[in-house]
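Source file: work.cif; contents: mmCIF, C-alpha atoms.
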data_data
loop_
_atom_site.label_atom_id
_atom_site.label_comp_id
_atom_site.auth_asym_id
_atom_site.auth_seq_id
_atom_site.Cartn_x
_atom_site.Cartn_y
_atom_site.Cartn_z
CA MET I 1 20.49 13.44 4.77
CA LYS I 2 19.26 11.19 7.56
CA GLU I 3 18.29 7.62 6.75
CA ILE I 4 14.71 8.16 7.94
CA ASP I 5 14.42 10.98 5.41
CA ARG I 6 15.67 8.66 2.66
CA ILE I 7 13.07 6.08 3.65
CA ARG I 8 10.37 8.75 3.68
CA ASP I 9 11.45 9.78 0.17
CA GLN I 10 11.27 6.19 -1.10
CA LEU I 11 7.82 5.71 0.44
CA LYS I 12 6.62 8.89 -1.25
CA ARG I 13 8.09 7.92 -4.63
CA ALA I 14 6.64 4.40 -4.59
CA PHE I 15 3.25 5.71 -3.49
CA GLU I 16 2.69 8.88 -5.48
CA SER I 17 5.36 10.17 -7.85
CA ASP I 18 8.84 10.04 -9.33
CA ALA I 19 9.25 6.29 -8.84
CA TRP I 20 12.38 5.07 -10.60
CA HIS I 21 10.78 1.83 -11.78
CA GLY I 22 7.75 3.33 -13.54
CA PRO I 23 4.28 4.31 -12.37
CA SER I 24 3.83 4.77 -8.63
CA LEU I 25 0.90 3.10 -6.91
CA THR I 26 -1.35 6.13 -7.21
CA GLU I 27 -0.30 6.68 -10.82
CA ALA I 28 -1.21 3.06 -11.59
CA LEU I 29 -4.62 3.63 -9.97
CA SER I 30 -5.24 6.99 -11.63
CA GLY I 31 -8.44 7.26 -13.65
CA LEU I 32 -9.62 3.85 -12.48
CA THR I 33 -13.35 3.13 -12.75
CA ALA I 34 -15.30 0.78 -10.50
CA GLU I 35 -15.85 -1.49 -13.49
CA ALA I 36 -12.12 -1.71 -14.17
CA ALA I 37 -11.30 -2.12 -10.48
CA GLY I 38 -13.65 -5.09 -10.20
CA ALA I 39 -12.70 -6.73 -13.49
CA ARG I 40 -10.94 -10.09 -13.42
CA PRO I 41 -9.13 -10.33 -16.76
CA LEU I 42 -6.94 -13.16 -15.43
CA ALA I 43 -9.09 -15.91 -13.93
CA LYS I 44 -6.74 -16.86 -11.08
CA ALA I 45 -5.47 -13.36 -10.27
CA HIS I 46 -6.78 -10.79 -7.82
CA THR I 47 -8.78 -7.84 -9.08
CA ILE I 48 -7.35 -4.33 -8.87
CA TRP I 49 -9.88 -3.53 -6.15
CA GLU I 50 -8.75 -6.55 -4.12
CA ILE I 51 -5.14 -5.41 -4.48
CA LEU I 52 -6.09 -1.86 -3.47
CA LEU I 53 -7.74 -3.11 -0.26
CA HIS I 54 -4.80 -5.44 0.44
CA VAL I 55 -2.28 -2.60 0.15
CA LEU I 56 -4.47 -0.41 2.33
CA ALA I 57 -4.61 -3.10 5.04
CA ASP I 58 -0.85 -3.59 4.88
CA ILE I 59 -0.05 0.10 5.32
CA GLU I 60 -2.56 0.35 8.19
CA SER I 61 -0.94 -2.59 9.95
CA VAL I 62 2.55 -1.07 9.64
CA SER I 63 1.29 2.21 11.12
CA ALA I 64 -0.23 0.28 14.01
CA ARG I 65 3.06 -1.57 14.57
CA LEU I 66 4.99 1.71 14.59
CA LYS I 67 2.73 2.72 17.48
CA GLY I 68 3.64 -0.48 19.33
CA GLU I 69 0.56 -2.56 18.51
CA ARG I 70 1.19 -6.22 17.83
CA ARG I 71 -0.82 -6.39 14.65
CA THR I 72 -1.07 -9.53 12.56
CA LEU I 73 -3.56 -9.62 9.74
CA SER I 74 -5.86 -12.61 9.35
CA PRO I 75 -6.29 -13.85 5.78
CA GLU I 76 -9.64 -12.02 5.63
CA GLU I 77 -8.05 -8.78 6.87
CA ASP I 78 -5.05 -9.16 4.55
CA TRP I 79 -7.23 -9.65 1.47
CA PRO I 80 -10.60 -8.08 2.29
CA PRO I 81 -13.25 -8.44 -0.39
CA PRO I 82 -14.40 -5.35 -2.25
CA PRO I 83 -18.04 -4.38 -1.83
CA ALA I 84 -20.34 -6.68 -3.80
CA ASP I 85 -22.15 -3.72 -5.31
CA GLY I 86 -19.02 -1.61 -5.75
CA ASP I 87 -19.84 1.62 -7.50
CA GLU I 88 -17.84 4.74 -8.28
CA GLU I 89 -18.51 6.25 -4.84
CA ALA I 90 -17.33 3.11 -3.04
CA LEU I 91 -14.15 3.04 -5.15
CA LYS I 92 -13.54 6.73 -4.53
CA ALA I 93 -13.93 6.14 -0.79
CA ASP I 94 -11.39 3.27 -0.87
CA LEU I 95 -8.93 5.33 -2.93
CA ASN I 96 -9.30 8.22 -0.47
CA ARG I 97 -8.79 5.84 2.44
CA LEU I 98 -5.60 4.53 0.80
CA ARG I 99 -4.24 8.07 0.58
CA GLU I 100 -5.25 8.71 4.22
CA VAL I 101 -3.45 5.62 5.54
CA HIS I 102 -0.35 6.53 3.51
CA GLU I 103 -0.42 10.05 4.95
CA GLN I 104 -0.87 8.58 8.44
CA LEU I 105 2.18 6.36 7.93
CA MET I 106 4.21 9.35 6.74
CA HIS I 107 3.06 11.29 9.82
CA ASP I 108 3.92 8.36 12.10
CA LEU I 109 7.46 8.40 10.73
CA SER I 110 8.01 11.76 12.39
CA ASP I 111 8.02 9.90 15.72
CA VAL I 112 10.67 7.37 14.60
CA LYS I 113 14.13 8.13 15.89
CA GLU I 114 17.08 7.41 13.62
CA SER I 115 18.63 5.30 16.38
CA ALA I 116 15.54 3.05 16.45
CA LEU I 117 15.66 1.95 12.80
CA ASP I 118 17.49 -1.29 13.61
CA SER I 119 15.09 -2.12 16.46
CA PRO I 120 12.24 -4.58 15.88
CA ILE I 121 9.06 -2.79 14.88
CA VAL I 122 7.41 -4.97 17.54
CA GLU I 123 9.14 -7.64 19.58
CA GLY I 124 9.93 -10.71 17.50
CA SER I 125 9.41 -8.95 14.17
CA SER I 126 11.65 -7.43 11.54
CA SER I 127 13.34 -4.11 12.18
CA ILE I 128 11.64 -0.80 11.56
CA TYR I 129 14.13 -0.26 8.72
CA VAL I 130 13.29 -3.56 7.00
CA THR I 131 9.56 -3.11 7.55
CA LEU I 132 9.48 0.37 6.02
CA HIS I 133 11.50 -0.77 3.02
CA GLY I 134 9.06 -3.66 2.80
CA VAL I 135 6.21 -1.17 2.40
CA VAL I 136 8.11 0.48 -0.46
CA GLN I 137 8.71 -2.88 -2.14
CA HIS I 138 5.12 -3.98 -1.55
CA ASN I 139 3.73 -0.82 -3.14
CA VAL I 140 6.04 -1.16 -6.15
CA TYR I 141 5.15 -4.84 -6.60
CA HIS I 142 1.42 -4.18 -6.54
CA ALA I 143 1.68 -1.09 -8.75
CA GLY I 144 3.22 -3.36 -11.38
CA GLN I 145 0.41 -5.88 -10.98
CA ILE I 146 -2.20 -3.15 -11.37
CA VAL I 147 -0.58 -1.89 -14.57
CA LEU I 148 -0.56 -5.42 -16.01
CA LEU I 149 -4.17 -6.07 -14.98
CA ARG I 150 -5.27 -2.84 -16.61
CA LYS I 151 -3.47 -3.82 -19.81
CA ALA I 152 -4.92 -7.35 -19.70
CA ALA I 153 -8.42 -5.90 -19.35
CA GLU I 154 -7.69 -3.11 -21.84
CA LEU I 155 -9.15 -0.67 -19.30
#

File written out as structure tokens:
Amino acid sequence: MKEIDRIRDQLKRAFESDAWHGPSLTEALSGLTAEAAGARPLAKAHTIWEILLHVLADIESVSARLKGERRTLSPEEDWPPPPADGDEEALKADLNRLREVHEQLMHDLSDVKESALDSPIVEGSSSIYVTLHGVVQHNVYHAGQIVLLRKAAEL
């Protein structure tokens, strides 16, 4: 098996199923309501919706970098606020957008050559290999946070 295929497998597992650690990101978000997504059971922690938008922005930025764009997220882009009047339709749209950006990243991987994995994703940045593993780790980290927030809110 090629290394890029292993990375693709890890991205898939962390995002949607068969994650070794526990629930994948989409499993952690499954059945989420707008009320639960916007709840703040821990006063100084992000809401699930804030985390969802943060993960979405991160995956989008990695896809852009794979295409050669020098993309750095501002603090507002990295942690965009959820809609003030977030309802079920708005949440559904953000969840769908998360799946779309993940699918775009998986599609973009088809253009990555095995020999390029050790190359910087963009000049002066980490390698493609490290960046893609970073996405896996980032998704796993935030899936765990979402599970804990849901338990803290009993939602």

Restricting the calculation to only C-alpha atoms, which member of I:Ile51, I:Met106, I:Leu149, I:Leu117 is positioned closest to Leu11 of chain I? I:Met106

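Considering only C-alpha atoms, the residue among I:Ala36, I:Ala153, I:Ala64, I:Ala14 positioned nearest to Val101 of chain I is I:Ala64.
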
Taking all atoms listed in the file into account, name the residue in I:Ala28, I:Leu109, I:Ala34, I:Val135 that is nearest to Val55 of chain I.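 Counting all atoms listed in the file, the residue closest to Val55 of chain I is I:Val135.
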
Nearest candidate to Ser127 of chain I (options I:Lys92, I:His46, I:Arg65, I:His54; using all atoms listed in the file):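 Smallest distance to Ser127 of chain I is found for I:Arg65.
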
Excluding Thr47 of chain I and residues on its chain fewer than 6 positions from it, collect all residues at most 10 Å away from it, counting all atoms listed in the file, and give them as an NGL selection string. :I and (36-41 or 81-82 or 145-146 or 149-150)

Box centre and edge lengths (Å, one decimal), axis-aligned, segment 129-136 of chain I plus 4 Å each side, as JSON:
{"center_x": 10.2, "center_y": -1.6, "center_z": 4.1, "size_x": 15.9, "size_y": 12.1, "size_z": 17.2}

Give me, please, the distance in Å between atom CA of Ile4 of chain I and atom CA of Ser119 of chain I, quoted to one decimal.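 Atom CA of Ile4 of chain I sits 13.4 Å away from atom CA of Ser119 of chain I.
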
Here's the selection I'm unsure about, the PyMOL selection byres ((chain I and resi 77) around 12); applied to the file above, which residues does it give, as a compact mmCIF listing (two decimals) with C-alpha atoms, in the coordinates of the input?
# COMPACT_ATOMS: atom_id res chain seq x y z
CA GLU I 50 -8.75 -6.55 -4.12
CA LEU I 53 -7.74 -3.11 -0.26
CA HIS I 54 -4.80 -5.44 0.44
CA VAL I 55 -2.28 -2.60 0.15
CA LEU I 56 -4.47 -0.41 2.33
CA ALA I 57 -4.61 -3.10 5.04
CA ASP I 58 -0.85 -3.59 4.88
CA GLU I 60 -2.56 0.35 8.19
CA SER I 61 -0.94 -2.59 9.95
CA ARG I 71 -0.82 -6.39 14.65
CA THR I 72 -1.07 -9.53 12.56
CA LEU I 73 -3.56 -9.62 9.74
CA SER I 74 -5.86 -12.61 9.35
CA PRO I 75 -6.29 -13.85 5.78
CA GLU I 76 -9.64 -12.02 5.63
CA ASP I 78 -5.05 -9.16 4.55
CA TRP I 79 -7.23 -9.65 1.47
CA PRO I 80 -10.60 -8.08 2.29
CA PRO I 81 -13.25 -8.44 -0.39
CA PRO I 82 -14.40 -5.35 -2.25

For the file shown, what are the residues hit by the PyMOL selection byres ((chain I and resi 108) around 10), laid out as a PyMOL selection string? chain I and resi 62-64+66-67+102-107+109-112

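Checking I:Tyr129, I:Phe15, I:Leu98, I:Tyr141 one by one against Glu27 of chain I, counting all atoms listed in the file, you find the shortest gap at I:Phe15.
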
Could you jot down the atom CA of Ser17 of chain I to atom CA of Ile48 of chain I separation for me, Å, one decimal place?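 These two atoms are separated by 19.3 Å.
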
In terms of the shortest atom-to-atom distance over only C-alpha atoms, which of I:Val140, I:Gly68, I:Asp94, I:Glu3 is closest to Asp118 of chain I?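 Looking only at the distances to Asp118 of chain I, the closest residue turns out to be I:Glu3.
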
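You will find atom CA of Ala93 of chain I at 17.5 Å from atom CA of Glu16 of chain I.
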
Tell me, as a list in words, which residues lie within 10 Å of Ser30 of chain I, counting all atoms listed in the file; anything in the same chain fewer than 6 positions away does not count.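 Surrounding residues, per the criterion: Pro23, Ser24 and Leu95 of chain I.
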
Residues from last step as file, C-alpha atoms, as a PDB file, in the coordinates of the input:
ATOM      1  CA  PRO I  23       4.280   4.310 -12.370  1.00  0.00           C
ATOM      2  CA  SER I  24       3.830   4.770  -8.630  1.00  0.00           C
ATOM      3  CA  LEU I  95      -8.930   5.330  -2.930  1.00  0.00           C
TER       4      LEU I  95
END
